[in-house]
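Novice: One file: work_20.txt (compact mmCIF, N, CA and C atoms).
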# COMPACT_ATOMS: atom_id res chain seq x y z
N MET X 1 179.08 217.32 -50.90
CA MET X 1 178.11 216.86 -51.88
C MET X 1 178.56 215.52 -52.44
N ASP X 2 177.62 214.66 -52.69
CA ASP X 2 177.95 213.31 -53.12
C ASP X 2 178.60 213.23 -54.50
N ASP X 3 178.19 214.08 -55.46
CA ASP X 3 178.70 213.97 -56.82
C ASP X 3 179.83 214.94 -57.15
N CYS X 4 180.27 215.73 -56.19
CA CYS X 4 181.32 216.72 -56.40
C CYS X 4 182.69 216.03 -56.41
N ILE X 5 183.45 216.20 -57.49
CA ILE X 5 184.75 215.54 -57.60
C ILE X 5 185.71 215.98 -56.50
N PHE X 6 185.66 217.25 -56.12
CA PHE X 6 186.57 217.71 -55.07
C PHE X 6 186.14 217.16 -53.70
N CYS X 7 184.86 217.02 -53.47
CA CYS X 7 184.40 216.39 -52.23
C CYS X 7 184.83 214.92 -52.20
N LYS X 8 184.80 214.27 -53.36
CA LYS X 8 185.27 212.88 -53.45
C LYS X 8 186.77 212.79 -53.15
N ILE X 9 187.53 213.77 -53.62
CA ILE X 9 188.96 213.82 -53.30
C ILE X 9 189.14 213.98 -51.80
N LEU X 10 188.38 214.88 -51.20
CA LEU X 10 188.48 215.10 -49.75
C LEU X 10 188.14 213.84 -48.96
N ARG X 11 187.19 213.06 -49.46
CA ARG X 11 186.80 211.83 -48.77
C ARG X 11 187.74 210.66 -49.08
N GLY X 12 188.71 210.86 -49.96
CA GLY X 12 189.66 209.81 -50.31
C GLY X 12 189.14 208.84 -51.35
N GLU X 13 188.03 209.17 -51.99
CA GLU X 13 187.45 208.30 -53.02
C GLU X 13 188.17 208.43 -54.35
N ILE X 14 188.82 209.57 -54.57
CA ILE X 14 189.59 209.83 -55.78
C ILE X 14 190.98 210.26 -55.31
N PRO X 15 192.03 209.66 -55.88
CA PRO X 15 193.38 210.02 -55.44
C PRO X 15 193.78 211.43 -55.90
N SER X 16 194.66 212.04 -55.14
CA SER X 16 195.23 213.32 -55.52
C SER X 16 196.65 213.38 -54.97
N LYS X 17 197.43 214.27 -55.52
CA LYS X 17 198.79 214.47 -55.04
C LYS X 17 198.78 215.69 -54.11
N LYS X 18 198.66 215.40 -52.82
CA LYS X 18 198.50 216.46 -51.81
C LYS X 18 199.75 217.32 -51.71
N VAL X 19 199.50 218.62 -51.59
CA VAL X 19 200.55 219.60 -51.37
C VAL X 19 200.47 220.13 -49.94
N TYR X 20 199.23 220.31 -49.45
CA TYR X 20 199.02 220.94 -48.14
C TYR X 20 197.66 220.52 -47.61
N GLU X 21 197.58 220.40 -46.30
CA GLU X 21 196.29 220.13 -45.68
C GLU X 21 196.31 220.63 -44.24
N ASP X 22 195.21 221.25 -43.85
CA ASP X 22 194.98 221.56 -42.44
C ASP X 22 193.51 221.26 -42.16
N GLU X 23 192.99 221.74 -41.05
CA GLU X 23 191.62 221.37 -40.67
C GLU X 23 190.54 221.93 -41.59
N THR X 24 190.84 222.99 -42.36
CA THR X 24 189.81 223.60 -43.20
C THR X 24 190.16 223.71 -44.68
N VAL X 25 191.42 223.43 -45.03
CA VAL X 25 191.90 223.65 -46.40
C VAL X 25 192.63 222.41 -46.90
N TYR X 26 192.49 222.16 -48.20
CA TYR X 26 193.23 221.07 -48.85
C TYR X 26 193.79 221.62 -50.15
N ALA X 27 195.05 221.31 -50.46
CA ALA X 27 195.66 221.75 -51.71
C ALA X 27 196.32 220.55 -52.38
N PHE X 28 196.21 220.51 -53.70
CA PHE X 28 196.74 219.39 -54.47
C PHE X 28 197.10 219.85 -55.87
N TYR X 29 197.99 219.08 -56.52
CA TYR X 29 198.41 219.41 -57.88
C TYR X 29 197.27 219.17 -58.86
N ASP X 30 197.11 220.11 -59.80
CA ASP X 30 196.13 219.97 -60.88
C ASP X 30 196.57 218.85 -61.81
N ILE X 31 195.64 218.00 -62.22
CA ILE X 31 196.01 216.88 -63.10
C ILE X 31 196.24 217.32 -64.54
N ASN X 32 195.78 218.53 -64.89
CA ASN X 32 196.03 219.10 -66.22
C ASN X 32 196.67 220.47 -66.05
N PRO X 33 197.93 220.51 -65.65
CA PRO X 33 198.54 221.80 -65.31
C PRO X 33 198.64 222.77 -66.49
N ALA X 34 198.38 224.04 -66.19
CA ALA X 34 198.49 225.10 -67.18
C ALA X 34 199.79 225.88 -67.02
N ALA X 35 200.62 225.48 -66.06
CA ALA X 35 201.89 226.14 -65.78
C ALA X 35 202.79 225.12 -65.10
N PRO X 36 204.10 225.40 -65.05
CA PRO X 36 205.00 224.47 -64.38
C PRO X 36 204.58 224.14 -62.94
N VAL X 37 204.08 225.12 -62.22
CA VAL X 37 203.48 224.87 -60.90
C VAL X 37 202.01 225.23 -61.02
N HIS X 38 201.14 224.26 -60.76
CA HIS X 38 199.69 224.49 -60.84
C HIS X 38 199.04 223.67 -59.73
N VAL X 39 198.66 224.37 -58.69
CA VAL X 39 198.07 223.75 -57.50
C VAL X 39 196.66 224.29 -57.32
N LEU X 40 195.75 223.43 -56.92
CA LEU X 40 194.39 223.84 -56.59
C LEU X 40 194.27 223.88 -55.07
N VAL X 41 193.65 224.93 -54.58
CA VAL X 41 193.44 225.09 -53.14
C VAL X 41 191.94 225.20 -52.91
N ILE X 42 191.41 224.31 -52.05
CA ILE X 42 189.97 224.27 -51.83
C ILE X 42 189.65 224.32 -50.34
N PRO X 43 188.51 224.92 -50.01
CA PRO X 43 188.03 224.77 -48.64
C PRO X 43 187.43 223.38 -48.49
N LYS X 44 187.57 222.80 -47.32
CA LYS X 44 186.97 221.48 -47.10
C LYS X 44 185.45 221.57 -47.06
N GLU X 45 184.94 222.72 -46.70
CA GLU X 45 183.49 222.95 -46.73
C GLU X 45 183.07 223.14 -48.19
N HIS X 46 182.01 222.47 -48.61
CA HIS X 46 181.55 222.61 -49.98
C HIS X 46 180.85 223.96 -50.15
N ILE X 47 181.44 224.78 -51.01
CA ILE X 47 180.85 226.05 -51.45
C ILE X 47 180.92 225.98 -52.97
N SER X 48 179.82 226.15 -53.65
CA SER X 48 179.76 225.92 -55.09
C SER X 48 180.63 226.86 -55.92
N SER X 49 180.62 228.13 -55.58
CA SER X 49 181.38 229.11 -56.35
C SER X 49 181.54 230.38 -55.53
N ALA X 50 182.29 231.34 -56.07
CA ALA X 50 182.48 232.61 -55.38
C ALA X 50 181.14 233.32 -55.15
N ASP X 51 180.17 233.07 -56.01
CA ASP X 51 178.84 233.69 -55.83
C ASP X 51 178.12 233.15 -54.60
N GLN X 52 178.59 232.05 -54.06
CA GLN X 52 177.93 231.44 -52.90
C GLN X 52 178.63 231.77 -51.58
N ILE X 53 179.60 232.66 -51.60
CA ILE X 53 180.28 233.07 -50.37
C ILE X 53 179.35 233.99 -49.59
N THR X 54 179.19 233.67 -48.31
CA THR X 54 178.31 234.44 -47.44
C THR X 54 179.04 234.76 -46.13
N ALA X 55 178.40 235.54 -45.30
CA ALA X 55 178.96 235.83 -43.98
C ALA X 55 179.12 234.55 -43.17
N GLU X 56 178.27 233.58 -43.41
CA GLU X 56 178.31 232.32 -42.66
C GLU X 56 179.46 231.40 -43.09
N ASN X 57 179.90 231.48 -44.35
CA ASN X 57 180.96 230.57 -44.81
C ASN X 57 182.25 231.27 -45.22
N SER X 58 182.31 232.58 -45.09
CA SER X 58 183.49 233.31 -45.56
C SER X 58 184.76 232.98 -44.76
N SER X 59 184.62 232.43 -43.57
CA SER X 59 185.81 232.04 -42.82
C SER X 59 186.56 230.91 -43.53
N ALA X 60 185.85 230.07 -44.27
CA ALA X 60 186.50 229.01 -45.05
C ALA X 60 187.36 229.61 -46.15
N VAL X 61 186.88 230.69 -46.76
CA VAL X 61 187.63 231.37 -47.81
C VAL X 61 188.84 232.09 -47.20
N ALA X 62 188.64 232.69 -46.05
CA ALA X 62 189.77 233.34 -45.36
C ALA X 62 190.85 232.32 -45.05
N ALA X 63 190.46 231.12 -44.65
CA ALA X 63 191.43 230.06 -44.35
C ALA X 63 192.22 229.68 -45.60
N VAL X 64 191.55 229.65 -46.75
CA VAL X 64 192.25 229.36 -48.00
C VAL X 64 193.33 230.41 -48.24
N PHE X 65 192.97 231.68 -48.09
CA PHE X 65 193.92 232.75 -48.36
C PHE X 65 195.01 232.85 -47.30
N GLU X 66 194.76 232.35 -46.12
CA GLU X 66 195.81 232.26 -45.11
C GLU X 66 196.76 231.11 -45.43
N ALA X 67 196.26 230.06 -46.07
CA ALA X 67 197.09 228.92 -46.42
C ALA X 67 197.94 229.17 -47.67
N ILE X 68 197.48 229.99 -48.58
CA ILE X 68 198.18 230.18 -49.85
C ILE X 68 199.63 230.63 -49.67
N PRO X 69 199.93 231.62 -48.83
CA PRO X 69 201.35 231.98 -48.66
C PRO X 69 202.19 230.83 -48.08
N LYS X 70 201.62 230.01 -47.23
CA LYS X 70 202.33 228.85 -46.68
C LYS X 70 202.64 227.86 -47.81
N ILE X 71 201.66 227.64 -48.67
CA ILE X 71 201.83 226.73 -49.80
C ILE X 71 202.90 227.26 -50.75
N ALA X 72 202.84 228.56 -51.05
CA ALA X 72 203.82 229.18 -51.95
C ALA X 72 205.23 229.05 -51.38
N LYS X 73 205.36 229.27 -50.09
CA LYS X 73 206.69 229.13 -49.47
C LYS X 73 207.17 227.69 -49.54
N GLN X 74 206.28 226.75 -49.26
CA GLN X 74 206.62 225.33 -49.32
C GLN X 74 207.09 224.93 -50.72
N LEU X 75 206.46 225.52 -51.75
CA LEU X 75 206.80 225.21 -53.14
C LEU X 75 207.98 226.03 -53.66
N GLY X 76 208.44 226.99 -52.86
CA GLY X 76 209.55 227.83 -53.28
C GLY X 76 209.18 228.87 -54.31
N ILE X 77 207.93 229.30 -54.31
CA ILE X 77 207.47 230.28 -55.31
C ILE X 77 206.96 231.56 -54.66
N GLN X 78 207.25 231.76 -53.36
CA GLN X 78 206.74 232.95 -52.70
C GLN X 78 207.12 234.20 -53.49
N ASN X 79 206.20 235.13 -53.55
CA ASN X 79 206.35 236.39 -54.30
C ASN X 79 206.41 236.20 -55.81
N ASN X 80 206.08 235.02 -56.32
CA ASN X 80 206.14 234.75 -57.76
C ASN X 80 205.03 233.81 -58.20
N TYR X 81 203.79 234.18 -57.97
CA TYR X 81 202.69 233.32 -58.36
C TYR X 81 201.44 234.14 -58.60
N ARG X 82 200.49 233.51 -59.27
CA ARG X 82 199.16 234.10 -59.48
C ARG X 82 198.13 233.24 -58.79
N ILE X 83 197.07 233.88 -58.36
CA ILE X 83 195.92 233.18 -57.79
C ILE X 83 194.74 233.48 -58.71
N ILE X 84 194.08 232.42 -59.15
CA ILE X 84 192.95 232.60 -60.08
C ILE X 84 191.75 231.83 -59.56
N ASN X 85 190.59 232.44 -59.72
CA ASN X 85 189.32 231.78 -59.42
C ASN X 85 188.38 232.05 -60.59
N ASN X 86 187.76 231.02 -61.10
CA ASN X 86 186.75 231.16 -62.13
C ASN X 86 185.37 231.00 -61.49
N CYS X 87 184.47 231.91 -61.80
CA CYS X 87 183.13 231.86 -61.23
C CYS X 87 182.13 231.75 -62.36
N GLY X 88 181.69 230.54 -62.63
CA GLY X 88 180.70 230.30 -63.67
C GLY X 88 181.25 229.53 -64.84
N GLU X 89 180.39 228.74 -65.43
CA GLU X 89 180.77 227.86 -66.53
C GLU X 89 181.29 228.62 -67.75
N LYS X 90 180.71 229.79 -68.04
CA LYS X 90 181.10 230.54 -69.23
C LYS X 90 182.51 231.10 -69.14
N VAL X 91 183.08 231.18 -67.95
CA VAL X 91 184.46 231.68 -67.80
C VAL X 91 185.43 230.58 -67.39
N GLY X 92 184.98 229.34 -67.45
CA GLY X 92 185.91 228.24 -67.26
C GLY X 92 185.77 227.44 -65.98
N GLN X 93 184.79 227.75 -65.13
CA GLN X 93 184.63 226.91 -63.94
C GLN X 93 184.03 225.58 -64.37
N SER X 94 184.78 224.52 -64.17
CA SER X 94 184.30 223.20 -64.58
C SER X 94 183.96 222.30 -63.40
N VAL X 95 184.47 222.65 -62.22
CA VAL X 95 184.13 221.92 -61.00
C VAL X 95 183.46 222.93 -60.08
N PHE X 96 182.24 222.61 -59.66
CA PHE X 96 181.47 223.56 -58.86
C PHE X 96 181.64 223.29 -57.38
N HIS X 97 182.90 223.43 -56.98
CA HIS X 97 183.35 223.47 -55.58
C HIS X 97 184.38 224.59 -55.60
N LEU X 98 184.16 225.61 -54.83
CA LEU X 98 185.05 226.77 -54.83
C LEU X 98 186.50 226.32 -54.77
N HIS X 99 187.30 226.84 -55.67
CA HIS X 99 188.72 226.50 -55.69
C HIS X 99 189.51 227.65 -56.29
N PHE X 100 190.76 227.70 -55.88
CA PHE X 100 191.67 228.73 -56.34
C PHE X 100 192.90 228.06 -56.94
N HIS X 101 193.32 228.54 -58.09
CA HIS X 101 194.49 228.02 -58.78
C HIS X 101 195.70 228.86 -58.35
N ILE X 102 196.75 228.20 -57.93
CA ILE X 102 198.04 228.85 -57.74
C ILE X 102 198.88 228.45 -58.94
N LEU X 103 199.33 229.45 -59.70
CA LEU X 103 200.11 229.21 -60.91
C LEU X 103 201.44 229.93 -60.82
N SER X 104 202.50 229.25 -61.21
CA SER X 104 203.81 229.88 -61.23
C SER X 104 204.68 229.20 -62.28
N GLY X 105 205.64 229.94 -62.76
CA GLY X 105 206.57 229.42 -63.76
C GLY X 105 206.60 230.35 -64.95
N SER X 106 207.54 230.13 -65.84
CA SER X 106 207.75 231.05 -66.96
C SER X 106 206.53 231.19 -67.86
N GLU X 107 205.77 230.13 -68.06
CA GLU X 107 204.60 230.21 -68.93
C GLU X 107 203.52 231.10 -68.36
N VAL X 108 203.48 231.26 -67.06
CA VAL X 108 202.46 232.10 -66.45
C VAL X 108 202.63 233.55 -66.85
N MET X 109 203.85 233.98 -67.03
CA MET X 109 204.10 235.38 -67.37
C MET X 109 203.92 235.68 -68.85
N GLY X 110 203.71 234.65 -69.66
CA GLY X 110 203.50 234.83 -71.09
C GLY X 110 202.08 235.30 -71.39
N GLU X 111 201.75 235.32 -72.67
CA GLU X 111 200.43 235.78 -73.09
C GLU X 111 199.32 234.81 -72.72
N ARG X 112 199.62 233.55 -72.72
CA ARG X 112 198.57 232.55 -72.45
C ARG X 112 198.74 231.99 -71.07
N LEU X 113 197.79 232.24 -70.19
CA LEU X 113 197.88 231.75 -68.81
C LEU X 113 197.19 230.42 -68.67
N ILE X 114 195.97 230.31 -69.16
CA ILE X 114 195.22 229.06 -69.05
C ILE X 114 194.64 228.72 -70.40
Could you express the structure from this file as structure tokens?
Specialist:
Amino acid sequence: MDDCIFCKILRGEIPSKKVYEDETVYAFYDINPAAPVHVLVIPKEHISSADQITAENSSAVAAVFEAIPKIAKQLGIQNNYRIINNCGEKVGQSVFHLHFHILSGSEVMGERLI
């Protein structure tokens, strides 16, 4: 989508600090981290939210979840992280391109996660 910030990142129009990339997934550090490690993982295919996952595009979501353990291992946080997805503006989704937050660090285990 032309106005989607994550699509702009994928096209190289907006800079990001890449953590991981393959043919279907891109991961980068969140610019406003809520934990010592805060990475966003997105499918390269534009899917607006979890409500828009279908049989036709679910392979992109599967690819994200196949990449997450690789990313965690690369970051040295395997077996010590949370995966979060917000679906809808009222629960905190601010970018309408499906994305998953990988969070790790001491603050994640406290009372306030995000």
Novice: Would you work out the distance separating atom CA of His101 of chain X from atom CA of Arg82 of chain X, expressed in Å to one decimal?
Specialist: 7.7 Å
Novice: Do you have the atom CA of Gly92 of chain X-atom N of Gln52 of chain X distance handy?
Specialist: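 We find that atom CA of Gly92 of chain X and atom N of Gln52 of chain X lie 15.6 Å from each other.
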Novice: Determine, counting only C-alpha atoms, which protein, DNA and RNA residues have an atom within 9 Å of an atom of Lys44 of chain X; residues of the same chain fewer than 2 positions away are not included. Present the result as a list in words.
Specialist: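 What passes the distance filter is Phe6, Cys7, Leu10, Glu23, Thr24, Val25, Tyr26, Ile42, His46, Ile47 and Ala60 of chain X.
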Novice: Output as lines of an AutoDock Vina configuration file the centre and edge lengths (Å, one decimal) of the box along x, y and z of the file that holds every listed atom of segment 66-73 of chain X after adding 3 Å on each side.
Specialist:
center_x = 201.0
center_y = 229.5
center_z = -48.5
size_x = 18.4
size_y = 11.6
size_z = 12.8
Novice: Mind checking DSSP for segment 21-102 of chain X and telling me the strand (DSSP E) residues as an MDAnalysis selection string?
Specialist: chainID X and resid 21 25:29 37:43 82:84 100:102
Novice: Could you please take those selected residues and save N, CA and C atoms as a PDB file, keeping the file's coordinate frame?
Specialist:
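Just written: out29.pdb:
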ATOM      1  N   GLU X  21     197.580 220.400 -46.300  1.00  0.00           N
ATOM      2  CA  GLU X  21     196.290 220.130 -45.680  1.00  0.00           C
ATOM      3  C   GLU X  21     196.310 220.630 -44.240  1.00  0.00           C
ATOM      4  N   VAL X  25     191.420 223.430 -45.030  1.00  0.00           N
ATOM      5  CA  VAL X  25     191.900 223.650 -46.400  1.00  0.00           C
ATOM      6  C   VAL X  25     192.630 222.410 -46.900  1.00  0.00           C
ATOM      7  N   TYR X  26     192.490 222.160 -48.200  1.00  0.00           N
ATOM      8  CA  TYR X  26     193.230 221.070 -48.850  1.00  0.00           C
ATOM      9  C   TYR X  26     193.790 221.620 -50.150  1.00  0.00           C
ATOM     10  N   ALA X  27     195.050 221.310 -50.460  1.00  0.00           N
ATOM     11  CA  ALA X  27     195.660 221.750 -51.710  1.00  0.00           C
ATOM     12  C   ALA X  27     196.320 220.550 -52.380  1.00  0.00           C
ATOM     13  N   PHE X  28     196.210 220.510 -53.700  1.00  0.00           N
ATOM     14  CA  PHE X  28     196.740 219.390 -54.470  1.00  0.00           C
ATOM     15  C   PHE X  28     197.100 219.850 -55.870  1.00  0.00           C
ATOM     16  N   TYR X  29     197.990 219.080 -56.520  1.00  0.00           N
ATOM     17  CA  TYR X  29     198.410 219.410 -57.880  1.00  0.00           C
ATOM     18  C   TYR X  29     197.270 219.170 -58.860  1.00  0.00           C
ATOM     19  N   VAL X  37     204.080 225.120 -62.220  1.00  0.00           N
ATOM     20  CA  VAL X  37     203.480 224.870 -60.900  1.00  0.00           C
ATOM     21  C   VAL X  37     202.010 225.230 -61.020  1.00  0.00           C
ATOM     22  N   HIS X  38     201.140 224.260 -60.760  1.00  0.00           N
ATOM     23  CA  HIS X  38     199.690 224.490 -60.840  1.00  0.00           C
ATOM     24  C   HIS X  38     199.040 223.670 -59.730  1.00  0.00           C
ATOM     25  N   VAL X  39     198.660 224.370 -58.690  1.00  0.00           N
ATOM     26  CA  VAL X  39     198.070 223.750 -57.500  1.00  0.00           C
ATOM     27  C   VAL X  39     196.660 224.290 -57.320  1.00  0.00           C
ATOM     28  N   LEU X  40     195.750 223.430 -56.920  1.00  0.00           N
ATOM     29  CA  LEU X  40     194.390 223.840 -56.590  1.00  0.00           C
ATOM     30  C   LEU X  40     194.270 223.880 -55.070  1.00  0.00           C
ATOM     31  N   VAL X  41     193.650 224.930 -54.580  1.00  0.00           N
ATOM     32  CA  VAL X  41     193.440 225.090 -53.140  1.00  0.00           C
ATOM     33  C   VAL X  41     191.940 225.200 -52.910  1.00  0.00           C
ATOM     34  N   ILE X  42     191.410 224.310 -52.050  1.00  0.00           N
ATOM     35  CA  ILE X  42     189.970 224.270 -51.830  1.00  0.00           C
ATOM     36  C   ILE X  42     189.650 224.320 -50.340  1.00  0.00           C
ATOM     37  N   PRO X  43     188.510 224.920 -50.010  1.00  0.00           N
ATOM     38  CA  PRO X  43     188.030 224.770 -48.640  1.00  0.00           C
ATOM     39  C   PRO X  43     187.430 223.380 -48.490  1.00  0.00           C
ATOM     40  N   ARG X  82     200.490 233.510 -59.270  1.00  0.00           N
ATOM     41  CA  ARG X  82     199.160 234.100 -59.480  1.00  0.00           C
ATOM     42  C   ARG X  82     198.130 233.240 -58.790  1.00  0.00           C
ATOM     43  N   ILE X  83     197.070 233.880 -58.360  1.00  0.00           N
ATOM     44  CA  ILE X  83     195.920 233.180 -57.790  1.00  0.00           C
ATOM     45  C   ILE X  83     194.740 233.480 -58.710  1.00  0.00           C
ATOM     46  N   ILE X  84     194.080 232.420 -59.150  1.00  0.00           N
ATOM     47  CA  ILE X  84     192.950 232.600 -60.080  1.00  0.00           C
ATOM     48  C   ILE X  84     191.750 231.830 -59.560  1.00  0.00           C
ATOM     49  N   PHE X 100     190.760 227.700 -55.880  1.00  0.00           N
ATOM     50  CA  PHE X 100     191.670 228.730 -56.340  1.00  0.00           C
ATOM     51  C   PHE X 100     192.900 228.060 -56.940  1.00  0.00           C
ATOM     52  N   HIS X 101     193.320 228.540 -58.090  1.00  0.00           N
ATOM     53  CA  HIS X 101     194.490 228.020 -58.780  1.00  0.00           C
ATOM     54  C   HIS X 101     195.700 228.860 -58.350  1.00  0.00           C
ATOM     55  N   ILE X 102     196.750 228.200 -57.930  1.00  0.00           N
ATOM     56  CA  ILE X 102     198.040 228.850 -57.740  1.00  0.00           C
ATOM     57  C   ILE X 102     198.880 228.450 -58.940  1.00  0.00           C
TER      58      ILE X 102
END
Novice: Please, what distance in Å, to one decimal, runs between atom N of Tyr29 of chain X and atom CA of Pro15 of chain X?
Specialist: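 So the two atoms, atom N of Tyr29 of chain X and atom CA of Pro15 of chain X, lie 10.2 Å apart.
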Novice: Env of segment 86-90 of chain X: 6.5 Å cut, atoms = all atoms listed in the file, seq-sep filter 2 positions within chain, self excluded. Answer as a count of residues only.
Specialist: 8
Novice: With 9 Å as the threshold, what does the neighbourhood of (202.0, 226.3, -58.5) contain in terms of residues, counting only C-alpha atoms? Coordinates are those of the file; answer as a VMD selection string.
Specialist: chain X and resid 29 to 30 33 35 to 40 71 to 72 75 77 81 to 82 101 to 105
Novice: Would you export the selected residues with N, CA and C atoms as a PDB file, in the frame of the given file, please?
Specialist:
ATOM      1  N   TYR X  29     197.990 219.080 -56.520  1.00  0.00           N
ATOM      2  CA  TYR X  29     198.410 219.410 -57.880  1.00  0.00           C
ATOM      3  C   TYR X  29     197.270 219.170 -58.860  1.00  0.00           C
ATOM      4  N   ASP X  30     197.110 220.110 -59.800  1.00  0.00           N
ATOM      5  CA  ASP X  30     196.130 219.970 -60.880  1.00  0.00           C
ATOM      6  C   ASP X  30     196.570 218.850 -61.810  1.00  0.00           C
ATOM      7  N   PRO X  33     197.930 220.510 -65.650  1.00  0.00           N
ATOM      8  CA  PRO X  33     198.540 221.800 -65.310  1.00  0.00           C
ATOM      9  C   PRO X  33     198.640 222.770 -66.490  1.00  0.00           C
ATOM     10  N   ALA X  35     200.620 225.480 -66.060  1.00  0.00           N
ATOM     11  CA  ALA X  35     201.890 226.140 -65.780  1.00  0.00           C
ATOM     12  C   ALA X  35     202.790 225.120 -65.100  1.00  0.00           C
ATOM     13  N   PRO X  36     204.100 225.400 -65.050  1.00  0.00           N
ATOM     14  CA  PRO X  36     205.000 224.470 -64.380  1.00  0.00           C
ATOM     15  C   PRO X  36     204.580 224.140 -62.940  1.00  0.00           C
ATOM     16  N   VAL X  37     204.080 225.120 -62.220  1.00  0.00           N
ATOM     17  CA  VAL X  37     203.480 224.870 -60.900  1.00  0.00           C
ATOM     18  C   VAL X  37     202.010 225.230 -61.020  1.00  0.00           C
ATOM     19  N   HIS X  38     201.140 224.260 -60.760  1.00  0.00           N
ATOM     20  CA  HIS X  38     199.690 224.490 -60.840  1.00  0.00           C
ATOM     21  C   HIS X  38     199.040 223.670 -59.730  1.00  0.00           C
ATOM     22  N   VAL X  39     198.660 224.370 -58.690  1.00  0.00           N
ATOM     23  CA  VAL X  39     198.070 223.750 -57.500  1.00  0.00           C
ATOM     24  C   VAL X  39     196.660 224.290 -57.320  1.00  0.00           C
ATOM     25  N   LEU X  40     195.750 223.430 -56.920  1.00  0.00           N
ATOM     26  CA  LEU X  40     194.390 223.840 -56.590  1.00  0.00           C
ATOM     27  C   LEU X  40     194.270 223.880 -55.070  1.00  0.00           C
ATOM     28  N   ILE X  71     201.660 227.640 -48.670  1.00  0.00           N
ATOM     29  CA  ILE X  71     201.830 226.730 -49.800  1.00  0.00           C
ATOM     30  C   ILE X  71     202.900 227.260 -50.750  1.00  0.00           C
ATOM     31  N   ALA X  72     202.840 228.560 -51.050  1.00  0.00           N
ATOM     32  CA  ALA X  72     203.820 229.180 -51.950  1.00  0.00           C
ATOM     33  C   ALA X  72     205.230 229.050 -51.380  1.00  0.00           C
ATOM     34  N   LEU X  75     206.460 225.520 -51.750  1.00  0.00           N
ATOM     35  CA  LEU X  75     206.800 225.210 -53.140  1.00  0.00           C
ATOM     36  C   LEU X  75     207.980 226.030 -53.660  1.00  0.00           C
ATOM     37  N   ILE X  77     207.930 229.300 -54.310  1.00  0.00           N
ATOM     38  CA  ILE X  77     207.470 230.280 -55.310  1.00  0.00           C
ATOM     39  C   ILE X  77     206.960 231.560 -54.660  1.00  0.00           C
ATOM     40  N   TYR X  81     203.790 234.180 -57.970  1.00  0.00           N
ATOM     41  CA  TYR X  81     202.690 233.320 -58.360  1.00  0.00           C
ATOM     42  C   TYR X  81     201.440 234.140 -58.600  1.00  0.00           C
ATOM     43  N   ARG X  82     200.490 233.510 -59.270  1.00  0.00           N
ATOM     44  CA  ARG X  82     199.160 234.100 -59.480  1.00  0.00           C
ATOM     45  C   ARG X  82     198.130 233.240 -58.790  1.00  0.00           C
ATOM     46  N   HIS X 101     193.320 228.540 -58.090  1.00  0.00           N
ATOM     47  CA  HIS X 101     194.490 228.020 -58.780  1.00  0.00           C
ATOM     48  C   HIS X 101     195.700 228.860 -58.350  1.00  0.00           C
ATOM     49  N   ILE X 102     196.750 228.200 -57.930  1.00  0.00           N
ATOM     50  CA  ILE X 102     198.040 228.850 -57.740  1.00  0.00           C
ATOM     51  C   ILE X 102     198.880 228.450 -58.940  1.00  0.00           C
ATOM     52  N   LEU X 103     199.330 229.450 -59.700  1.00  0.00           N
ATOM     53  CA  LEU X 103     200.110 229.210 -60.910  1.00  0.00           C
ATOM     54  C   LEU X 103     201.440 229.930 -60.820  1.00  0.00           C
ATOM     55  N   SER X 104     202.500 229.250 -61.210  1.00  0.00           N
ATOM     56  CA  SER X 104     203.810 229.880 -61.230  1.00  0.00           C
ATOM     57  C   SER X 104     204.680 229.200 -62.280  1.00  0.00           C
ATOM     58  N   GLY X 105     205.640 229.940 -62.760  1.00  0.00           N
ATOM     59  CA  GLY X 105     206.570 229.420 -63.760  1.00  0.00           C
ATOM     60  C   GLY X 105     206.600 230.350 -64.950  1.00  0.00           C
TER      61      GLY X 105
END
Novice: Taking the DSSP assignment computed from this structure's backbone, write out as an MDAnalysis selection string all residues of chain X that belong to alpha helix (DSSP H).
Specialist: chainID X and resid 5:10 58:75
Novice: Considering all atoms listed in the file, can you say which of X:Asn79, X:Glu13, X:Met1, X:Ala62 comes closest to Glu45 of chain X?
Specialist: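 For Glu45 of chain X, the nearest of the given residues is X:Met1.
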Novice: So, counting only C-alpha atoms, which residue among X:Val41, X:Leu98, X:Ile14, X:Ile9 is closest to Ser58 of chain X?
Specialist: X:Leu98
